[in-house]
Amino acid sequence: MKIAIIGTGNVGRALARGLTRAGRSIILGSRDPANPKAAALAAETGAELKAPAEAAAAGDVVILALPWSEAEGAVKALGDLAGKIVIDCMNPLVMRDGQLVLDRGFDASGAEAVAEWIPGAKIVKTLNQAEAGIMADNAELPHRPLMFMAGDDDQAKAAVAAILEDLGFEPLDAGDLTKARLLEPLAMAWINQALFRGKGIDWAFAAVTRR
C-alpha cells in the first residue's frame, strides 16, 4: 500500500518521517517538487516526490496535510479520488477579530466540506488532535496517545486504524463523518492548552482505563 501525503509543511514532514520509520511506502505531493526542503525530505525518507495530483493518483491512501486557507482549491485540483481512502488531518482554522477560531462548528465540519469537494472518496477525519512532533515520534510518552477518527466507511477506518497504530497511536472510532464536528473542536481544546494556557506542545490526549 502506498500512502500519498499532500503537503510538505510541519504535519506532512512529521507524517512522512513517522510512516517511513514504520516501514510504510510514501509519496510526497508538493506544489513545487523542486523546492529544496521537499527534495531533502524525499531524500531523507526515501519517498517519491511528485506534483500533488500525480501523488494522489499514485497513492492507495491520500493524506491531506494542507493549510485550511489553501485547502479547497488544492483539494479540488487533485482530480478524481472516487474510491480512494482520504485522510483529512486539517483543522479549519481562521483568524477572526484577532483570534484563532474554527471556521465552522457543531453543525458542520471541515471534513464534511472535503467530502463535498471530492465526491466518492472515502473520507476519514483523524490526525488533527496532536502536534506534528507527536505524529513523528511518540515512543517516549508514558501513555500511548489516542487518536480519534470519524468516517462513513468501516473498511476505510480499519485501514486508517492500522496507519494510526503504525504511528504509535491508540485509534478510537468516533463514528460517522458527522462526528468530525466533535473532533475539530477537540483540536481547539488542545490548541488552547498548548498555546494559550502554558502547557506547550509536547503532549497528547490519552485514554487511561481502570484495570
# chains A, B, ... in the order shown; residues from 1 in each chain; ligands from 1
call {"tool": "closest_atom_pairs", "arguments": {"of": "stretch 122-183 of chain A", "to": "stretch 86-106 of chain A", "cutoff": "7 Å", "atoms": "only C-alpha atoms", "output": "JSON lines"}}
result
{"residue": "A:Lys122", "atom": "CA", "partner": "A:Val86", "partner_atom": "CA", "distance": 5.8}
{"residue": "A:Ile123", "atom": "CA", "partner": "A:Val86", "partner_atom": "CA", "distance": 4.8}
{"residue": "A:Val124", "atom": "CA", "partner": "A:Ile87", "partner_atom": "CA", "distance": 4.9}
{"residue": "A:Lys125", "atom": "CA", "partner": "A:Asp88", "partner_atom": "CA", "distance": 4.9}
{"residue": "A:Thr126", "atom": "CA", "partner": "A:Cys89", "partner_atom": "CA", "distance": 5.3}
{"residue": "A:Leu127", "atom": "CA", "partner": "A:Cys89", "partner_atom": "CA", "distance": 4.9}
{"residue": "A:Asn128", "atom": "CA", "partner": "A:Cys89", "partner_atom": "CA", "distance": 4.7}
{"residue": "A:Arg181", "atom": "CA", "partner": "A:Phe106", "partner_atom": "CA", "distance": 5.0}
{"residue": "A:Leu182", "atom": "CA", "partner": "A:Phe106", "partner_atom": "CA", "distance": 6.8}
call {"tool": "residues_around", "arguments": {"residues": "A:Arg24", "least_positions_apart": "4", "cutoff": "8 Å", "atoms": "only C-alpha atoms", "output": "list in words"}}
result
Met1, Lys2, Ile3, Leu19 and Thr20 of chain A
call {"tool": "residues_around", "arguments": {"residues": "A:Ala77", "least_positions_apart": "4", "cutoff": "9 Å", "atoms": "only C-alpha atoms", "output": "PDB file with C-alpha atoms, in the first residue's frame"}}
result
ATOM      1  CA  PRO A  52       0.063  16.843  -5.835  1.00  0.00           C
ATOM      2  CA  ALA A  53      -2.364  15.445  -8.431  1.00  0.00           C
ATOM      3  CA  GLU A  72     -10.419  23.962  -1.148  1.00  0.00           C
ATOM      4  CA  GLY A  73      -8.534  24.872  -4.310  1.00  0.00           C
TER       5      GLY A  73
END
call {"tool": "select_by_dssp", "arguments": {"residues": "stretch 47-111 of chain A", "states": "helix (DSSP H, G or I)", "output": "list in words"}}
result
Pro52, Ala53, Glu54, Ala55, Ala56, Ala57, Ala58, Trp68, Ser69, Glu70, Ala71, Glu72, Gly73, Ala74, Val75, Lys76, Gly110 and Ala111 of chain A
call {"tool": "write_last_selection", "arguments": {"atoms": "C-alpha atoms", "output": "PDB file, in the first residue's frame"}}
result
ATOM      1  CA  PRO A  52       0.063  16.843  -5.835  1.00  0.00           C
ATOM      2  CA  ALA A  53      -2.364  15.445  -8.431  1.00  0.00           C
ATOM      3  CA  GLU A  54       0.209  12.871  -9.587  1.00  0.00           C
ATOM      4  CA  ALA A  55       0.928  11.840  -6.000  1.00  0.00           C
ATOM      5  CA  ALA A  56      -2.777  11.462  -5.209  1.00  0.00           C
ATOM      6  CA  ALA A  57      -3.338   9.377  -8.333  1.00  0.00           C
ATOM      7  CA  ALA A  58      -0.460   7.060  -7.394  1.00  0.00           C
ATOM      8  CA  TRP A  68      -7.025  25.362   5.604  1.00  0.00           C
ATOM      9  CA  SER A  69      -6.686  28.679   3.801  1.00  0.00           C
ATOM     10  CA  GLU A  70      -5.466  26.816   0.697  1.00  0.00           C
ATOM     11  CA  ALA A  71      -7.406  23.603   1.131  1.00  0.00           C
ATOM     12  CA  GLU A  72     -10.419  23.962  -1.148  1.00  0.00           C
ATOM     13  CA  GLY A  73      -8.534  24.872  -4.310  1.00  0.00           C
ATOM     14  CA  ALA A  74      -5.727  22.418  -3.610  1.00  0.00           C
ATOM     15  CA  VAL A  75      -8.068  19.506  -2.858  1.00  0.00           C
ATOM     16  CA  LYS A  76     -10.270  20.104  -5.892  1.00  0.00           C
ATOM     17  CA  GLY A 110     -14.135  20.796   7.584  1.00  0.00           C
ATOM     18  CA  ALA A 111     -14.163  17.054   6.859  1.00  0.00           C
TER      19      ALA A 111
END
call {"tool": "residues_around", "arguments": {"residues": "A:Ala162", "least_positions_apart": "3", "cutoff": "12 Å", "atoms": "only C-alpha atoms", "output": "PyMOL selection string"}}
result
chain A and resi 1+19+22+24+147+149+155-159+165-172
call {"tool": "write_last_selection", "arguments": {"atoms": "N, CA and C atoms", "output": "PDB file, in the first residue's frame"}}
result
ATOM      1  N   MET A   1       0.842  -1.194   0.000  1.00  0.00           N
ATOM      2  CA  MET A   1       0.000   0.000   0.000  1.00  0.00           C
ATOM      3  C   MET A   1       0.882   1.251   0.000  1.00  0.00           C
ATOM      4  N   LEU A  19       5.790   7.571   9.243  1.00  0.00           N
ATOM      5  CA  LEU A  19       5.374   6.437   8.421  1.00  0.00           C
ATOM      6  C   LEU A  19       6.570   5.711   7.822  1.00  0.00           C
ATOM      7  N   ALA A  22       7.932   3.449  10.303  1.00  0.00           N
ATOM      8  CA  ALA A  22       7.085   2.266  10.455  1.00  0.00           C
ATOM      9  C   ALA A  22       7.170   1.322   9.255  1.00  0.00           C
ATOM     10  N   ARG A  24       6.347   2.092   6.065  1.00  0.00           N
ATOM     11  CA  ARG A  24       5.355   2.364   5.024  1.00  0.00           C
ATOM     12  C   ARG A  24       6.012   3.004   3.799  1.00  0.00           C
ATOM     13  N   MET A 147      -5.902   8.660  19.275  1.00  0.00           N
ATOM     14  CA  MET A 147      -6.277   9.457  18.120  1.00  0.00           C
ATOM     15  C   MET A 147      -7.664   9.008  17.664  1.00  0.00           C
ATOM     16  N   MET A 149     -10.943   8.935  15.216  1.00  0.00           N
ATOM     17  CA  MET A 149     -11.181   9.019  13.781  1.00  0.00           C
ATOM     18  C   MET A 149     -12.683   8.945  13.535  1.00  0.00           C
ATOM     19  N   GLN A 155     -14.495  -0.193   6.332  1.00  0.00           N
ATOM     20  CA  GLN A 155     -13.251  -0.757   5.814  1.00  0.00           C
ATOM     21  C   GLN A 155     -12.163   0.311   5.711  1.00  0.00           C
ATOM     22  N   ALA A 156     -12.553   1.515   5.315  1.00  0.00           N
ATOM     23  CA  ALA A 156     -11.581   2.608   5.255  1.00  0.00           C
ATOM     24  C   ALA A 156     -11.048   2.913   6.650  1.00  0.00           C
ATOM     25  N   LYS A 157     -11.937   2.923   7.639  1.00  0.00           N
ATOM     26  CA  LYS A 157     -11.487   3.205   9.005  1.00  0.00           C
ATOM     27  C   LYS A 157     -10.575   2.105   9.533  1.00  0.00           C
ATOM     28  N   ALA A 158     -10.824   0.863   9.133  1.00  0.00           N
ATOM     29  CA  ALA A 158      -9.939  -0.224   9.559  1.00  0.00           C
ATOM     30  C   ALA A 158      -8.536  -0.032   8.985  1.00  0.00           C
ATOM     31  N   ALA A 159      -8.461   0.388   7.727  1.00  0.00           N
ATOM     32  CA  ALA A 159      -7.155   0.638   7.107  1.00  0.00           C
ATOM     33  C   ALA A 159      -6.455   1.811   7.775  1.00  0.00           C
ATOM     34  N   GLU A 165      -1.932   3.039  14.249  1.00  0.00           N
ATOM     35  CA  GLU A 165      -1.138   2.156  15.113  1.00  0.00           C
ATOM     36  C   GLU A 165       0.335   2.186  14.708  1.00  0.00           C
ATOM     37  N   ASP A 166       0.593   2.246  13.411  1.00  0.00           N
ATOM     38  CA  ASP A 166       1.981   2.349  12.950  1.00  0.00           C
ATOM     39  C   ASP A 166       2.644   3.612  13.480  1.00  0.00           C
ATOM     40  N   LEU A 167       1.850   4.663  13.641  1.00  0.00           N
ATOM     41  CA  LEU A 167       2.366   5.937  14.146  1.00  0.00           C
ATOM     42  C   LEU A 167       2.411   5.991  15.670  1.00  0.00           C
ATOM     43  N   GLY A 168       2.032   4.896  16.332  1.00  0.00           N
ATOM     44  CA  GLY A 168       2.116   4.824  17.785  1.00  0.00           C
ATOM     45  C   GLY A 168       0.868   5.230  18.528  1.00  0.00           C
ATOM     46  N   PHE A 169      -0.230   5.467  17.816  1.00  0.00           N
ATOM     47  CA  PHE A 169      -1.458   5.918  18.462  1.00  0.00           C
ATOM     48  C   PHE A 169      -2.394   4.750  18.776  1.00  0.00           C
ATOM     49  N   GLU A 170      -3.244   4.957  19.779  1.00  0.00           N
ATOM     50  CA  GLU A 170      -4.385   4.078  20.010  1.00  0.00           C
ATOM     51  C   GLU A 170      -5.554   4.645  19.213  1.00  0.00           C
ATOM     52  N   PRO A 171      -6.010   3.978  18.144  1.00  0.00           N
ATOM     53  CA  PRO A 171      -7.115   4.521  17.351  1.00  0.00           C
ATOM     54  C   PRO A 171      -8.454   4.262  18.037  1.00  0.00           C
ATOM     55  N   LEU A 172      -9.279   5.283  18.116  1.00  0.00           N
ATOM     56  CA  LEU A 172     -10.617   5.153  18.675  1.00  0.00           C
ATOM     57  C   LEU A 172     -11.621   5.670  17.648  1.00  0.00           C
TER      58      LEU A 172
END
call {"tool": "residues_around", "arguments": {"residues": "stretch 135-143 of chain A", "least_positions_apart": "3", "cutoff": "9 Å", "atoms": "only C-alpha atoms", "output": "JSON, numbers by chain"}}
result
{"A": [11, 13, 14, 15, 16, 17, 18, 19, 21, 127, 130, 131, 132, 167, 168, 169, 203, 204, 206, 207, 208]}
call {"tool": "write_last_selection", "arguments": {"atoms": "C-alpha atoms", "output": "compact mmCIF listing (two decimals), in the first residue's frame"}}
result
# COMPACT_ATOMS: atom_id res chain seq x y z
CA VAL A 11 2.41 17.95 9.53
CA ARG A 13 7.01 16.25 7.19
CA ALA A 14 6.14 14.65 10.54
CA LEU A 15 3.88 12.05 8.95
CA ALA A 16 6.47 11.25 6.30
CA ARG A 17 9.07 10.58 8.99
CA GLY A 18 6.73 8.60 11.22
CA LEU A 19 5.37 6.44 8.42
CA ARG A 21 10.02 4.69 10.41
CA LEU A 127 -4.58 13.04 12.85
CA ALA A 130 -1.97 16.22 18.24
CA GLU A 131 1.09 18.28 17.40
CA ALA A 132 3.20 17.28 14.43
CA LEU A 167 2.37 5.94 14.15
CA GLY A 168 2.12 4.82 17.78
CA PHE A 169 -1.46 5.92 18.46
CA TRP A 203 1.92 16.16 24.88
CA ALA A 204 -1.15 14.33 23.59
CA ALA A 206 -4.57 9.51 26.13
CA ALA A 207 -7.33 7.09 27.15
CA VAL A 208 -6.43 5.60 30.53
call {"tool": "residues_around", "arguments": {"residues": "A:Ala38", "least_positions_apart": "4", "cutoff": "9 Å", "atoms": "only C-alpha atoms", "output": "PyMOL selection string"}}
result
chain A and resi 8-9+13+28-30+32-34+42-43+49
call {"tool": "write_last_selection", "arguments": {"atoms": "N, CA and C atoms", "output": "PDB file, in the first residue's frame"}}
result
ATOM      1  N   THR A   8       3.875  19.371   2.329  1.00  0.00           N
ATOM      2  CA  THR A   8       5.166  19.058   2.961  1.00  0.00           C
ATOM      3  C   THR A   8       5.527  20.102   4.015  1.00  0.00           C
ATOM      4  N   GLY A   9       4.492  20.633   4.680  1.00  0.00           N
ATOM      5  CA  GLY A   9       4.719  21.515   5.813  1.00  0.00           C
ATOM      6  C   GLY A   9       4.992  20.705   7.067  1.00  0.00           C
ATOM      7  N   ARG A  13       5.659  16.736   6.891  1.00  0.00           N
ATOM      8  CA  ARG A  13       7.011  16.248   7.192  1.00  0.00           C
ATOM      9  C   ARG A  13       6.987  15.237   8.334  1.00  0.00           C
ATOM     10  N   LEU A  28       5.324  11.844  -1.701  1.00  0.00           N
ATOM     11  CA  LEU A  28       5.116  13.218  -1.274  1.00  0.00           C
ATOM     12  C   LEU A  28       4.536  14.043  -2.423  1.00  0.00           C
ATOM     13  N   GLY A  29       3.471  14.750  -2.145  1.00  0.00           N
ATOM     14  CA  GLY A  29       2.875  15.644  -3.126  1.00  0.00           C
ATOM     15  C   GLY A  29       3.187  17.077  -2.768  1.00  0.00           C
ATOM     16  N   SER A  30       4.003  17.733  -3.574  1.00  0.00           N
ATOM     17  CA  SER A  30       4.398  19.117  -3.326  1.00  0.00           C
ATOM     18  C   SER A  30       4.071  19.966  -4.536  1.00  0.00           C
ATOM     19  N   ASP A  32       5.559  22.419  -5.431  1.00  0.00           N
ATOM     20  CA  ASP A  32       6.836  22.789  -6.032  1.00  0.00           C
ATOM     21  C   ASP A  32       7.838  21.674  -5.762  1.00  0.00           C
ATOM     22  N   PRO A  33       7.812  20.607  -6.582  1.00  0.00           N
ATOM     23  CA  PRO A  33       8.725  19.483  -6.343  1.00  0.00           C
ATOM     24  C   PRO A  33      10.200  19.867  -6.375  1.00  0.00           C
ATOM     25  N   ALA A  34      10.515  21.028  -6.950  1.00  0.00           N
ATOM     26  CA  ALA A  34      11.912  21.478  -6.990  1.00  0.00           C
ATOM     27  C   ALA A  34      12.321  22.191  -5.706  1.00  0.00           C
ATOM     28  N   ALA A  42      12.254  14.141   0.776  1.00  0.00           N
ATOM     29  CA  ALA A  42      12.150  12.938  -0.041  1.00  0.00           C
ATOM     30  C   ALA A  42      13.418  12.094   0.079  1.00  0.00           C
ATOM     31  N   ALA A  43      14.559  12.760   0.061  1.00  0.00           N
ATOM     32  CA  ALA A  43      15.823  12.036   0.197  1.00  0.00           C
ATOM     33  C   ALA A  43      15.943  11.389   1.571  1.00  0.00           C
ATOM     34  N   LEU A  49       8.704  11.855  -5.008  1.00  0.00           N
ATOM     35  CA  LEU A  49       8.282  13.246  -4.932  1.00  0.00           C
ATOM     36  C   LEU A  49       7.601  13.606  -6.238  1.00  0.00           C
TER      37      LEU A  49
END
call {"tool": "atom_distance", "arguments": {"atom1": "atom CA of A:Ala82", "atom2": "atom CA of A:Ala47"}}
result
24.0 Å
call {"tool": "residues_around", "arguments": {"residues": "A:Glu112", "least_positions_apart": "5", "cutoff": "8 Å", "atoms": "only C-alpha atoms", "output": "PDB file with C-alpha atoms, in the first residue's frame"}}
result
ATOM      1  CA  LEU A 177     -18.171  11.574   9.372  1.00  0.00           C
ATOM      2  CA  THR A 178     -20.517  13.996  11.122  1.00  0.00           C
ATOM      3  CA  ALA A 180     -15.760  15.313  12.794  1.00  0.00           C
TER       4      ALA A 180
END
